[in-house]
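Asker: Just query-v9.cif, nothing more (mmCIF, C-alpha atoms and all ligand atoms):
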data_input
#
loop_
_atom_site.label_atom_id
_atom_site.label_comp_id
_atom_site.auth_asym_id
_atom_site.auth_seq_id
_atom_site.Cartn_x
_atom_site.Cartn_y
_atom_site.Cartn_z
CA MET S 1 -22.90 4.15 -15.53
CA ASP S 2 -23.26 7.91 -15.56
CA GLN S 3 -20.77 9.99 -13.63
CA ASP S 4 -22.25 13.07 -11.93
CA ARG S 5 -20.27 16.26 -11.94
CA ASP S 6 -19.24 15.74 -8.31
CA GLY S 7 -17.85 12.30 -9.10
CA GLY S 8 -20.97 10.47 -7.97
CA VAL S 9 -22.50 7.65 -9.99
CA ASP S 10 -26.20 7.42 -10.87
CA VAL S 11 -27.23 3.95 -9.73
CA SER S 12 -30.99 4.44 -9.50
CA ALA S 13 -31.77 2.09 -12.38
CA LEU S 14 -28.84 -0.29 -11.92
CA THR S 15 -29.47 -4.03 -11.50
CA LEU S 16 -27.31 -6.97 -10.50
CA ALA S 17 -27.55 -8.17 -14.10
CA ASP S 18 -25.95 -4.87 -15.24
CA LEU S 19 -23.03 -5.46 -12.92
CA GLU S 20 -22.61 -9.04 -14.04
CA ALA S 21 -22.49 -7.76 -17.60
CA MET S 22 -19.74 -5.33 -16.58
CA ASP S 23 -17.82 -8.27 -15.11
CA ARG S 24 -18.13 -10.19 -18.38
CA ASP S 25 -16.73 -7.17 -20.27
CA ASP S 26 -13.99 -6.49 -17.72
CA PRO S 27 -10.56 -6.65 -19.44
CA LEU S 28 -9.08 -7.83 -16.11
CA ARG S 29 -11.60 -10.66 -15.58
CA THR S 30 -9.18 -13.49 -16.32
CA LEU S 31 -6.82 -12.26 -13.60
CA ARG S 32 -9.38 -13.06 -10.92
CA GLU S 33 -8.93 -16.71 -11.87
CA ALA S 34 -5.31 -16.36 -10.81
CA PHE S 35 -6.40 -15.98 -7.16
CA THR S 36 -7.76 -18.35 -4.57
CA LEU S 37 -10.79 -16.75 -2.94
CA PRO S 38 -13.22 -18.67 -0.73
CA ASP S 39 -16.74 -19.22 -2.06
CA GLY S 40 -19.39 -17.03 -0.49
CA VAL S 41 -16.92 -14.38 0.62
CA VAL S 42 -16.78 -10.81 -0.68
CA TYR S 43 -13.25 -9.77 0.13
CA LEU S 44 -12.94 -6.00 0.46
CA ASP S 45 -9.72 -5.91 2.47
CA GLY S 46 -7.05 -6.37 -0.19
CA ASN S 47 -5.76 -2.94 0.80
CA SER S 48 -4.70 -4.56 4.08
CA LEU S 49 -3.79 -8.12 3.12
CA GLY S 50 -4.00 -9.04 -0.54
CA ALA S 51 -5.54 -12.35 -1.62
CA LEU S 52 -3.55 -15.53 -2.24
CA PRO S 53 -2.40 -16.03 -5.85
CA ARG S 54 -3.09 -19.62 -6.95
CA GLU S 55 0.51 -20.07 -7.97
CA THR S 56 2.04 -19.03 -4.64
CA PRO S 57 1.81 -22.32 -2.71
CA ALA S 58 3.39 -24.22 -5.63
CA ARG S 59 6.15 -21.61 -5.98
CA LEU S 60 6.89 -21.78 -2.26
CA GLN S 61 6.95 -25.57 -2.45
CA GLN S 62 9.32 -25.40 -5.41
CA VAL S 63 11.71 -22.94 -3.78
CA ALA S 64 11.65 -24.89 -0.53
CA ALA S 65 11.83 -28.44 -1.88
CA GLU S 66 13.76 -28.11 -5.14
CA GLN S 67 16.03 -25.22 -4.32
CA TRP S 68 16.56 -25.20 -0.57
CA GLY S 69 15.96 -28.95 -0.16
CA ARG S 70 18.04 -30.19 -3.07
CA ASP S 71 20.54 -27.52 -3.98
CA LEU S 72 21.02 -26.24 -0.45
CA ILE S 73 23.45 -23.36 -0.08
CA SER S 74 24.48 -23.42 -3.74
CA SER S 75 21.01 -21.94 -4.43
CA TRP S 76 22.36 -18.51 -3.51
CA THR S 77 24.06 -18.49 -6.90
CA ALA S 78 22.46 -21.43 -8.78
CA HIS S 79 18.98 -19.93 -8.34
CA ASP S 80 20.16 -16.37 -7.96
CA TRP S 81 18.79 -16.00 -4.47
CA ILE S 82 21.41 -13.34 -3.92
CA GLY S 83 20.00 -11.23 -6.77
CA ALA S 84 16.34 -11.60 -5.70
CA PRO S 85 16.03 -8.22 -3.91
CA GLN S 86 17.25 -6.37 -7.00
CA ARG S 87 15.38 -8.57 -9.50
CA VAL S 88 12.02 -8.15 -7.79
CA GLY S 89 12.85 -4.52 -7.01
CA ASP S 90 13.30 -3.87 -10.74
CA LYS S 91 9.89 -5.41 -11.40
CA ILE S 92 8.22 -3.22 -8.75
CA ALA S 93 10.03 -0.23 -10.27
CA ARG S 94 7.96 -0.75 -13.43
CA LEU S 95 4.77 -0.35 -11.38
CA ILE S 96 5.80 2.95 -9.79
CA GLY S 97 7.54 4.81 -12.59
CA ALA S 98 11.06 4.14 -11.35
CA GLY S 99 14.05 2.98 -13.37
CA PRO S 100 16.08 -0.23 -13.08
CA GLY S 101 18.41 -0.08 -10.10
CA GLU S 102 16.25 2.42 -8.21
CA VAL S 103 14.14 -0.02 -6.18
CA VAL S 104 15.17 -2.90 -3.96
CA VAL S 105 13.13 -5.37 -1.92
CA SER S 106 14.18 -5.49 1.71
CA ASP S 107 13.06 -5.60 5.33
CA SER S 108 9.67 -4.19 6.33
CA THR S 109 8.15 -0.84 5.40
CA SER S 110 8.89 0.41 8.90
CA VAL S 111 12.58 -0.48 8.73
CA ASN S 112 12.87 0.96 5.23
CA LEU S 113 11.27 4.17 6.45
CA PHE S 114 13.84 4.42 9.19
CA LYS S 115 16.69 3.86 6.74
CA LEU S 116 15.46 6.43 4.24
CA LEU S 117 14.43 9.04 6.78
CA ALA S 118 17.90 8.87 8.29
CA ALA S 119 19.46 9.02 4.82
CA ALA S 120 17.35 12.04 3.86
CA CYS S 121 18.17 13.89 7.09
CA ARG S 122 21.86 13.27 6.49
CA LEU S 123 21.56 14.76 3.02
CA ARG S 124 20.23 18.00 4.53
CA PRO S 125 22.45 18.40 7.62
CA GLY S 126 21.56 22.00 8.47
CA ARG S 127 17.81 21.34 8.47
CA PRO S 128 16.19 19.81 11.57
CA VAL S 129 12.59 19.23 10.47
CA ILE S 130 10.81 16.11 9.26
CA LEU S 131 7.49 17.49 8.03
CA SER S 132 4.39 15.30 8.02
CA GLU S 133 0.67 15.46 8.71
CA PRO S 134 -1.26 14.61 11.87
CA ALA S 135 -3.10 11.30 11.47
CA ASN S 136 -0.58 10.07 8.93
CA PHE S 137 -0.28 6.28 9.35
CA PRO S 138 0.88 6.29 12.99
CA ASN S 139 3.66 3.83 12.30
CA ASP S 140 5.39 6.37 10.06
CA LEU S 141 5.22 9.00 12.77
CA TYR S 142 6.48 6.52 15.36
CA VAL S 143 9.48 5.69 13.17
CA ALA S 144 10.25 9.40 12.81
CA GLN S 145 9.94 9.77 16.59
CA GLY S 146 12.36 6.87 17.02
CA LEU S 147 14.90 8.58 14.81
CA GLN S 148 14.37 11.80 16.74
CA GLY S 149 14.86 9.89 20.00
CA LEU S 150 18.31 8.72 18.99
CA GLY S 151 19.49 12.25 19.68
CA ILE S 152 21.96 12.24 16.79
CA GLY S 153 21.86 15.79 15.52
CA ARG S 154 18.72 17.78 16.12
CA ILE S 155 15.61 16.32 14.52
CA GLU S 156 12.12 17.74 14.99
CA LEU S 157 8.94 16.11 13.79
CA GLN S 158 6.54 18.82 12.69
CA LEU S 159 2.93 17.95 11.86
CA VAL S 160 0.69 20.25 9.88
CA PRO S 161 -2.71 19.50 8.29
CA ALA S 162 -2.63 18.21 4.73
CA ASP S 163 -3.88 21.46 3.18
CA ARG S 164 -1.08 23.44 4.85
CA ILE S 165 1.84 21.10 4.04
CA GLU S 166 3.05 23.01 1.00
CA ALA S 167 3.01 26.34 2.81
CA ALA S 168 4.91 24.82 5.74
CA ILE S 169 7.89 23.71 3.64
CA ASP S 170 10.61 26.20 4.49
CA GLU S 171 14.40 26.29 4.86
CA ARG S 172 14.22 24.30 8.11
CA VAL S 173 12.62 21.27 6.48
CA ALA S 174 14.92 18.41 5.54
CA VAL S 175 12.30 15.98 4.31
CA VAL S 176 8.55 15.85 3.74
CA LEU S 177 7.22 12.47 4.86
CA LEU S 178 3.78 11.61 3.52
CA THR S 179 1.63 8.59 2.80
CA HIS S 180 0.61 9.12 -0.81
CA VAL S 181 -2.85 7.55 -0.32
CA HIS S 182 -4.12 8.12 3.21
CA TYR S 183 -4.62 4.84 5.05
CA LYS S 184 -8.03 5.81 6.43
CA SER S 185 -9.69 8.28 4.12
CA GLY S 186 -7.96 7.19 0.93
CA ALA S 187 -7.26 10.84 0.04
CA VAL S 188 -4.40 11.18 -2.46
CA HIS S 189 -1.66 13.75 -2.16
CA ASP S 190 -0.44 15.50 -5.30
CA MET S 191 3.01 13.94 -5.36
CA ALA S 192 4.38 16.02 -8.23
CA ARG S 193 3.20 19.34 -6.81
CA ILE S 194 4.38 18.72 -3.25
CA THR S 195 7.72 17.39 -4.49
CA ALA S 196 8.21 20.44 -6.72
CA ARG S 197 7.43 22.71 -3.79
CA ALA S 198 9.83 20.79 -1.55
CA HIS S 199 12.61 21.02 -4.11
CA ALA S 200 12.00 24.73 -4.62
CA ARG S 201 12.65 25.12 -0.88
CA GLY S 202 15.67 22.81 -0.88
CA ALA S 203 13.84 19.96 0.90
CA LEU S 204 13.43 16.31 -0.04
CA THR S 205 10.37 14.03 -0.18
CA LEU S 206 9.79 10.52 1.15
CA TRP S 207 6.56 8.85 -0.02
CA ASP S 208 4.91 5.88 1.63
CA LEU S 209 3.29 4.05 -1.29
CA SER S 210 1.72 1.25 0.75
CA HIS S 211 -1.84 2.08 -0.35
CA SER S 212 -0.85 3.30 -3.82
CA THR S 213 1.13 0.71 -5.74
CA GLY S 214 -1.22 -1.35 -7.90
CA ALA S 215 -4.17 0.88 -7.07
CA VAL S 216 -3.53 4.44 -8.29
CA PRO S 217 -1.16 5.89 -10.89
CA VAL S 218 2.31 6.39 -9.41
CA ASP S 219 5.13 7.93 -11.43
CA LEU S 220 8.08 8.61 -9.15
CA SER S 221 10.35 9.71 -12.01
CA ALA S 222 7.85 12.16 -13.47
CA ALA S 223 7.27 13.60 -9.99
CA GLN S 224 11.06 13.80 -9.41
CA ALA S 225 10.47 12.06 -6.06
CA ASP S 226 13.54 11.50 -3.91
CA PHE S 227 12.68 8.49 -1.74
CA ALA S 228 9.79 6.04 -1.34
CA VAL S 229 8.84 2.90 0.54
CA GLY S 230 5.91 0.50 0.31
CA CYS S 231 4.35 -2.75 1.51
CA GLY S 232 4.46 -6.05 -0.35
CA TYR S 233 1.37 -7.60 1.23
CA LYS S 234 -1.40 -5.21 0.17
CA TYR S 235 -2.25 -4.75 -3.52
CA LEU S 236 0.95 -6.62 -4.48
CA ASN S 237 -0.43 -9.81 -2.91
CA GLY S 238 2.92 -10.94 -1.52
CA GLY S 239 1.41 -12.65 1.55
CA PRO S 240 1.28 -11.84 5.27
CA GLY S 241 4.42 -10.01 6.37
CA ALA S 242 5.79 -10.00 2.80
CA PRO S 243 9.07 -8.12 2.42
CA ALA S 244 8.73 -4.44 1.58
CA TYR S 245 10.54 -2.28 -1.00
CA LEU S 246 12.35 1.02 -1.05
CA PHE S 247 13.16 3.54 -3.78
CA VAL S 248 16.10 5.92 -3.88
CA ALA S 249 16.30 8.18 -6.96
CA ARG S 250 19.46 7.36 -8.85
CA ARG S 251 20.72 10.95 -8.50
CA HIS S 252 20.89 10.50 -4.71
CA GLN S 253 22.36 7.03 -4.52
CA ALA S 254 26.06 7.87 -4.46
CA ALA S 255 25.63 10.53 -1.77
CA THR S 256 23.28 8.68 0.61
CA THR S 257 23.98 5.88 3.03
CA SER S 258 21.86 3.63 5.14
CA PRO S 259 22.12 3.94 8.93
CA ILE S 260 21.90 0.13 9.07
CA THR S 261 25.26 -0.68 7.56
CA GLY S 262 24.74 -4.42 7.22
CA TRP S 263 27.01 -6.71 5.28
CA LEU S 264 24.73 -7.18 2.28
CA GLY S 265 24.84 -3.43 1.73
CA HIS S 266 28.63 -3.64 1.61
CA ALA S 267 30.47 -3.20 -1.69
CA ARG S 268 32.18 -6.61 -1.26
CA PRO S 269 30.35 -8.58 1.46
CA PHE S 270 32.36 -11.73 0.84
CA ASP S 271 35.72 -10.03 1.33
CA PHE S 272 34.85 -10.06 5.05
CA VAL S 273 36.91 -6.97 5.81
CA ASP S 274 36.46 -5.06 9.08
CA ASP S 275 35.47 -1.72 7.66
CA TYR S 276 32.17 -0.87 6.02
CA ALA S 277 32.19 0.40 2.44
CA PRO S 278 28.77 0.92 0.84
CA ALA S 279 27.84 -0.87 -2.37
CA PRO S 280 27.79 1.53 -5.32
CA GLY S 281 24.04 1.50 -6.08
CA ILE S 282 20.68 0.80 -4.46
CA GLU S 283 22.21 -2.35 -2.87
CA ARG S 284 23.72 -0.12 -0.19
CA PHE S 285 20.24 0.01 1.34
CA LEU S 286 20.17 -3.73 1.91
CA ALA S 287 21.10 -4.82 5.40
CA GLY S 288 20.99 -8.52 6.22
CA THR S 289 20.23 -11.79 4.47
CA PRO S 290 17.12 -11.48 2.28
CA PRO S 291 14.03 -13.59 3.21
CA ILE S 292 14.06 -15.82 0.13
CA LEU S 293 10.74 -17.59 0.70
CA GLY S 294 9.03 -14.26 1.32
CA ILE S 295 10.53 -12.73 -1.81
CA ALA S 296 9.51 -15.80 -3.85
CA ALA S 297 5.88 -15.30 -2.80
CA LEU S 298 6.09 -11.56 -3.43
CA GLU S 299 7.45 -12.14 -6.93
CA VAL S 300 4.37 -14.18 -7.85
CA GLY S 301 2.15 -11.29 -6.78
CA VAL S 302 4.24 -8.69 -8.58
CA ASP S 303 4.32 -10.76 -11.78
CA LEU S 304 0.52 -10.94 -11.71
CA MET S 305 0.24 -7.20 -11.24
CA LEU S 306 2.59 -6.68 -14.21
CA ARG S 307 0.21 -8.68 -16.40
CA ALA S 308 -2.51 -6.05 -15.93
CA ASP S 309 -2.74 -2.96 -18.08
CA PRO S 310 -2.06 -0.08 -15.63
CA GLN S 311 -4.83 2.10 -17.05
CA CYS S 312 -7.34 -0.76 -16.75
CA LEU S 313 -6.30 -1.19 -13.10
CA VAL S 314 -6.89 2.46 -12.32
CA ASP S 315 -10.15 2.65 -14.28
CA LYS S 316 -11.53 -0.44 -12.56
CA SER S 317 -10.41 0.67 -9.13
CA ARG S 318 -12.24 3.97 -9.60
CA ALA S 319 -15.30 2.29 -11.06
CA LEU S 320 -15.57 -0.17 -8.15
CA SER S 321 -15.11 2.39 -5.42
CA GLY S 322 -17.46 4.85 -7.17
CA LEU S 323 -20.08 2.18 -7.49
CA PHE S 324 -19.74 1.24 -3.84
CA VAL S 325 -20.13 4.83 -2.65
CA ALA S 326 -23.14 5.45 -4.85
CA LEU S 327 -24.88 2.19 -3.94
CA VAL S 328 -24.25 2.64 -0.21
CA GLU S 329 -25.57 6.19 -0.32
CA SER S 330 -28.69 5.22 -2.21
CA ARG S 331 -29.48 1.81 -0.66
CA CYS S 332 -28.44 2.64 2.92
CA ALA S 333 -29.85 6.18 3.05
CA GLY S 334 -31.11 7.12 6.51
CA GLN S 335 -28.75 4.69 8.27
CA SER S 336 -26.44 7.40 9.70
CA LEU S 337 -23.53 6.62 7.43
CA GLU S 338 -21.23 9.42 6.43
CA LEU S 339 -18.69 9.21 3.63
CA ALA S 340 -15.23 9.87 5.12
CA SER S 341 -13.35 9.69 1.82
CA PRO S 342 -13.08 12.16 -1.06
CA ARG S 343 -16.23 11.95 -3.16
CA ASP S 344 -14.43 12.28 -6.47
CA ALA S 345 -12.74 8.99 -7.44
CA GLN S 346 -9.79 10.93 -8.92
CA ASP S 347 -8.99 12.24 -5.47
CA ARG S 348 -8.89 8.94 -3.63
CA GLY S 349 -7.08 5.63 -3.71
CA SER S 350 -8.75 2.25 -4.02
CA HIS S 351 -10.42 2.16 -0.62
CA VAL S 352 -13.24 4.17 0.90
CA ALA S 353 -14.26 4.77 4.48
CA PHE S 354 -17.69 5.39 5.93
CA ARG S 355 -18.22 6.80 9.39
CA HIS S 356 -20.80 5.15 11.68
CA ALA S 357 -21.20 5.32 15.45
CA GLN S 358 -21.19 1.49 15.64
CA ALA S 359 -18.57 0.95 12.96
CA HIS S 360 -16.76 -1.80 14.86
CA ALA S 361 -19.89 -3.87 15.48
CA VAL S 362 -21.19 -3.33 11.95
CA ILE S 363 -17.90 -4.56 10.47
CA GLN S 364 -17.95 -7.62 12.71
CA ALA S 365 -21.52 -8.37 11.66
CA LEU S 366 -20.55 -7.99 8.00
CA ILE S 367 -17.61 -10.34 8.45
CA GLY S 368 -20.01 -12.81 10.03
CA ARG S 369 -21.96 -12.71 6.76
CA GLY S 370 -18.93 -13.07 4.52
CA VAL S 371 -18.31 -9.42 3.63
CA ILE S 372 -14.79 -8.62 4.77
CA GLY S 373 -13.83 -5.01 5.32
CA ASP S 374 -12.09 -3.56 8.35
CA PHE S 375 -12.55 -1.12 11.20
CA ARG S 376 -10.30 1.85 11.88
CA ALA S 377 -10.79 3.48 15.24
CA PRO S 378 -12.69 5.33 16.39
CA ASP S 379 -15.61 5.11 13.98
CA LEU S 380 -14.61 4.16 10.43
CA MET S 381 -15.57 1.19 8.31
CA ARG S 382 -13.01 0.76 5.54
CA PHE S 383 -13.56 -1.16 2.31
CA GLY S 384 -10.80 -1.80 -0.22
CA PHE S 385 -11.30 -2.66 -3.89
CA ALA S 386 -8.56 -4.72 -5.48
CA PRO S 387 -8.98 -4.35 -9.23
CA LEU S 388 -7.18 -7.62 -9.96
CA TYR S 389 -9.82 -9.77 -8.31
CA ASN S 390 -12.83 -7.81 -7.05
CA ARG S 391 -15.86 -7.90 -9.33
CA HIS S 392 -18.61 -5.37 -9.90
CA ALA S 393 -21.15 -7.92 -8.70
CA ASP S 394 -19.21 -8.20 -5.40
CA ILE S 395 -20.08 -4.58 -4.73
CA TRP S 396 -23.76 -5.28 -5.22
CA HIS S 397 -23.72 -8.20 -2.77
CA ALA S 398 -21.68 -6.27 -0.20
CA VAL S 399 -24.09 -3.35 -0.24
CA GLN S 400 -27.16 -5.61 -0.01
CA ILE S 401 -25.71 -7.25 3.08
CA LEU S 402 -24.63 -3.93 4.58
CA ARG S 403 -28.14 -2.60 4.11
CA ASP S 404 -29.62 -5.64 5.79
CA VAL S 405 -27.18 -5.47 8.72
CA LEU S 406 -28.06 -1.82 9.27
CA GLN S 407 -31.80 -2.04 8.72
CA THR S 408 -32.24 -5.03 11.04
CA ALA S 409 -29.61 -3.79 13.55
CA ALA S 410 -27.99 -7.21 13.17
CA TRP S 411 -24.80 -5.66 14.50
CA ASP S 412 -26.41 -5.09 17.91
CA ARG S 413 -25.19 -8.29 19.54
CA PRO S 414 -22.59 -8.76 22.27
CA GLU S 415 -20.30 -10.92 20.11
CA PHE S 416 -19.93 -8.10 17.55
CA LYS S 417 -19.00 -5.58 20.24
CA ARG S 418 -16.12 -7.49 21.78
CA PRO S 419 -12.80 -5.74 21.21
CA CYS S 420 -10.51 -7.53 18.74
CA ALA S 421 -6.70 -7.69 18.95
CA VAL S 422 -6.46 -6.95 15.22
CA THR S 423 -9.03 -4.81 13.47
C1 LIG S 501 0.72 3.49 5.13
C2 LIG S 501 1.35 2.31 5.77
N1 LIG S 501 2.68 2.30 5.98
C3 LIG S 501 3.30 1.25 6.57
C4 LIG S 501 2.56 0.14 6.97
C5 LIG S 501 3.10 -1.03 7.69
O1 LIG S 501 4.42 -1.23 7.68
P1 LIG S 501 4.99 -2.63 8.18
O2 LIG S 501 4.81 -3.60 7.06
O3 LIG S 501 6.40 -2.33 8.50
O4 LIG S 501 4.20 -3.10 9.35
C6 LIG S 501 1.18 0.11 6.73
C7 LIG S 501 0.40 -1.07 7.17
O5 LIG S 501 -0.78 -1.17 7.07
C8 LIG S 501 0.57 1.22 6.14
O6 LIG S 501 -0.75 1.24 5.95
#
Write out the structure in this file as structure tokens.
Ligand SMILES: Cc1ncc(COP(=O)(O)O)c(C=O)c1O
Answerer:
Amino acid sequence: MDQDRDGGVDVSALTLADLEAMDRDDPLRTLREAFTLPDGVVYLDGNSLGALPRETPARLQQVAAEQWGRDLISSWTAHDWIGAPQRVGDKIARLIGAGPGEVVVSDSTSVNLFKLLAAACRLRPGRPVILSEPANFPNDLYVAQGLQGLGIGRIELQLVPADRIEAAIDERVAVVLLTHVHYKSGAVHDMARITARAHARGALTLWDLSHSTGAVPVDLSAAQADFAVGCGYKYLNGGPGAPAYLFVARRHQAATTSPITGWLGHARPFDFVDDYAPAPGIERFLAGTPPILGIAALEVGVDLMLRADPQCLVDKSRALSGLFVALVESRCAGQSLELASPRDAQDRGSHVAFRHAQAHAVIQALIGRGVIGDFRAPDLMRFGFAPLYNRHADIWHAVQILRDVLQTAAWDRPEFKRPCAVT
């Protein structure tokens, strides 16, 4: 495939056979076999809920039946349940350029955000501002608003457009809170540059890596990032509601504390003393008992991701999304679609969004035909490309069906226009 100067791909002469040939040459092709995907479905929503690894049901059965069922409570030590958050955290660390002991698996992304935002604000006591961007993933703004609402010290949430973030970092900013890959557009922030700017102004950075890990290059150490959080159920394929992870740079660990001072973050939880004393390292950001079955499923997904060459992952992710954009723009021309993601693959994550006035109905019609993407209000269709299991030929089929749905107005039916509780 030829890459145009603007990042576009010339697909005029491309055939399905060409894409099938690319799949045969794909260095990641054997990893697709490690997933259970239904026949006849093109799954382009792994950026929301990753697919099921084949090994996960057996691993869950093993942990439940052989460990929980047979060894009962002794499993905490016999099967190192107690060390699972750190063990899997260390594995995730390898995917995001962090060192051992800098990442731990715990809670949800939302709860981890709360813990690290509070920790960051405490590290910069004279500075009231949490700086973020409007239309950041709303959850992250809500969590910041919740912290603000506690009324402990003065905290202000300041939102400035992405292109003005760096200029807005001043001596009032405690922490810059950004989603590295934007959840709608897929636009990527320059983590190293924003972090350097924040540090030059005495501020800290907290990165939400939910749409990044396993999809785009992330190197927290090289960027000198301070804090990060991320989801386990997207590209890491940990399953619905999988536990999340958090990163605290080693240089900050001794001086930061979690606002949720739970017993498993205590230095000696089994001394059962009345007063809290934080554990020496990243463990201080644990709170309560870890969800062992959830971590077991997450570990299967993380182990699979670790089997892939990181450069192959990034190359394939860019190739798939580039191909999708180019095919949609050529095959669906005149159908009132507008690309709502950066055109250059280097500037976006592994999902792309197209704007369409009937986006919700079109997505529902696509799902009805086995092409699963999602809708983000008010008018975006979002398609994610998981390099571990999506194939080049999937893109071809998805675009053929999208073209048909648009050309025949197959979306224009009452059942596709009904509001859904989850989009
Ligand atoms: C950027 C981002 N942050 C956080 C979350 C969700 O966090 P939680 O797992 O706590 O619901 C999502 C979920 O889609 C997300 O896209």
Asker: Which chain S residues have any atom within 9 Å of an atom of ligand LIG 501 (chain S), and for each, what is the nearest pair of atoms with distance in Å to one decimal, counting only C-alpha atoms and all ligand atoms, rows sorted by chain and number, as a tab-separated table?
Answerer:
residue	atom	partner	partner_atom	distance
S:Asn47	CA	S:LIG501	O5	8.2
S:Ser48	CA	S:LIG501	O5	6.0
S:Leu49	CA	S:LIG501	O5	8.5
S:Asp107	CA	S:LIG501	O3	8.1
S:Ser108	CA	S:LIG501	O3	4.3
S:Thr109	CA	S:LIG501	O3	3.9
S:Ser110	CA	S:LIG501	O3	3.7
S:Val111	CA	S:LIG501	O3	6.5
S:Asn112	CA	S:LIG501	O3	8.0
S:Leu113	CA	S:LIG501	O3	8.4
S:Asn136	CA	S:LIG501	C1	7.7
S:Phe137	CA	S:LIG501	C1	5.2
S:Pro138	CA	S:LIG501	C2	8.3
S:Asn139	CA	S:LIG501	C3	6.3
S:Asp140	CA	S:LIG501	N1	6.4
S:Leu178	CA	S:LIG501	C1	8.8
S:Thr179	CA	S:LIG501	C1	5.7
S:His180	CA	S:LIG501	C1	8.2
S:Val181	CA	S:LIG501	C1	7.7
S:His182	CA	S:LIG501	C1	7.0
S:Tyr183	CA	S:LIG501	O6	5.4
S:Lys184	CA	S:LIG501	O6	8.6
S:Asp208	CA	S:LIG501	C1	6.0
S:Leu209	CA	S:LIG501	C1	6.9
S:Ser210	CA	S:LIG501	C1	5.0
S:His211	CA	S:LIG501	C1	6.2
S:Val229	CA	S:LIG501	N1	8.2
S:Gly230	CA	S:LIG501	N1	6.8
S:Cys231	CA	S:LIG501	O2	5.6
S:Gly232	CA	S:LIG501	O2	7.8
S:Tyr233	CA	S:LIG501	O2	7.9
S:Lys234	CA	S:LIG501	O5	8.0
S:Gly241	CA	S:LIG501	O2	6.5
S:Ala242	CA	S:LIG501	O2	7.8
S:Pro243	CA	S:LIG501	O2	7.8
S:Ala244	CA	S:LIG501	O2	6.8
Asker: Which residues are near segment 279-288 of chain S? Cut-off 7 Å, all atoms listed in the file, ignore same chain within fewer than 4 positions. Put them as a VMD selection string.
Answerer: chain S and resid 101 to 104 106 248 253 to 254 257 to 258 260 to 267
Asker: Generate the output file for the selected residues, C-alpha atoms, as a short mmCIF file (atom, residue, chain, number, x, y, z; two decimals), keeping the file's coordinate frame.
Answerer:
data_model
loop_
_atom_site.label_atom_id
_atom_site.label_comp_id
_atom_site.auth_asym_id
_atom_site.auth_seq_id
_atom_site.Cartn_x
_atom_site.Cartn_y
_atom_site.Cartn_z
CA GLY S 101 18.41 -0.08 -10.10
CA GLU S 102 16.25 2.42 -8.21
CA VAL S 103 14.14 -0.02 -6.18
CA VAL S 104 15.17 -2.90 -3.96
CA SER S 106 14.18 -5.49 1.71
CA VAL S 248 16.10 5.92 -3.88
CA GLN S 253 22.36 7.03 -4.52
CA ALA S 254 26.06 7.87 -4.46
CA THR S 257 23.98 5.88 3.03
CA SER S 258 21.86 3.63 5.14
CA ILE S 260 21.90 0.13 9.07
CA THR S 261 25.26 -0.68 7.56
CA GLY S 262 24.74 -4.42 7.22
CA TRP S 263 27.01 -6.71 5.28
CA LEU S 264 24.73 -7.18 2.28
CA GLY S 265 24.84 -3.43 1.73
CA HIS S 266 28.63 -3.64 1.61
CA ALA S 267 30.47 -3.20 -1.69
#
Asker: For Gly214 of chain S, which of S:Ile292, S:Val176, S:Leu117, S:Leu388 is the closest residue, counting only C-alpha atoms?
Answerer: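 The shortest atom-to-atom distance to Gly214 of chain S comes from S:Leu388.
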Asker: Using Å and a single decimal, report how far atom CA of Cys332 of chain S sits from atom CA of Asp18 of chain S.
Answerer: 19.8 Å
Asker: Using only C-alpha atoms, which protein or nucleic acid residues come within 10 Å of Phe416 of chain S? Drop anything in the same chain fewer than 2 positions from it, and give the result as a compact mmCIF listing (two decimals) with C-alpha atoms, in the coordinates of the input.
Answerer:
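Dumped everything to part-v9.txt:
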# COMPACT_ATOMS: atom_id res chain seq x y z
CA GLN S 358 -21.19 1.49 15.64
CA HIS S 360 -16.76 -1.80 14.86
CA ALA S 361 -19.89 -3.87 15.48
CA VAL S 362 -21.19 -3.33 11.95
CA ILE S 363 -17.90 -4.56 10.47
CA GLN S 364 -17.95 -7.62 12.71
CA ALA S 365 -21.52 -8.37 11.66
CA LEU S 366 -20.55 -7.99 8.00
CA ILE S 367 -17.61 -10.34 8.45
CA GLY S 368 -20.01 -12.81 10.03
CA ALA S 410 -27.99 -7.21 13.17
CA TRP S 411 -24.80 -5.66 14.50
CA ASP S 412 -26.41 -5.09 17.91
CA ARG S 413 -25.19 -8.29 19.54
CA PRO S 414 -22.59 -8.76 22.27
CA ARG S 418 -16.12 -7.49 21.78
CA PRO S 419 -12.80 -5.74 21.21
CA CYS S 420 -10.51 -7.53 18.74
Asker: Taking 2 positions as the minimum chain separation for residues in the same chain, which residues sit within 10 Å of His392 of chain S when counting all atoms listed in the file? Answer as a list in words.
Answerer: Leu16, Asp18, Leu19, Glu20, Ala21, Met22, Asp23, Arg24, Asp26, Lys316, Ala319, Leu320, Ser321, Leu323, Phe324, Phe385, Pro387, Tyr389, Asn390, Asp394, Ile395, Trp396 and His397 of chain S
Asker: Enter the distance from atom CA of Ala162 of chain S to atom CA of Val105 of chain S, in Å, rounded to one decimal.
Answerer: 29.1 Å
Asker: Give the answer as one residue: which of S:Val41, S:Ala357, S:Leu380, S:Ala308 has the shortest atom-to-atom distance to Leu28 of chain S, using only C-alpha atoms?
Answerer: S:Ala308
Asker: From the options S:Val42, S:Ala13, S:Val175, S:Leu236, which residue's atoms come nearest to Ile372 of chain S, counting all atoms listed in the file?
Answerer: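 The closest residue to Ile372 of chain S is S:Val42.
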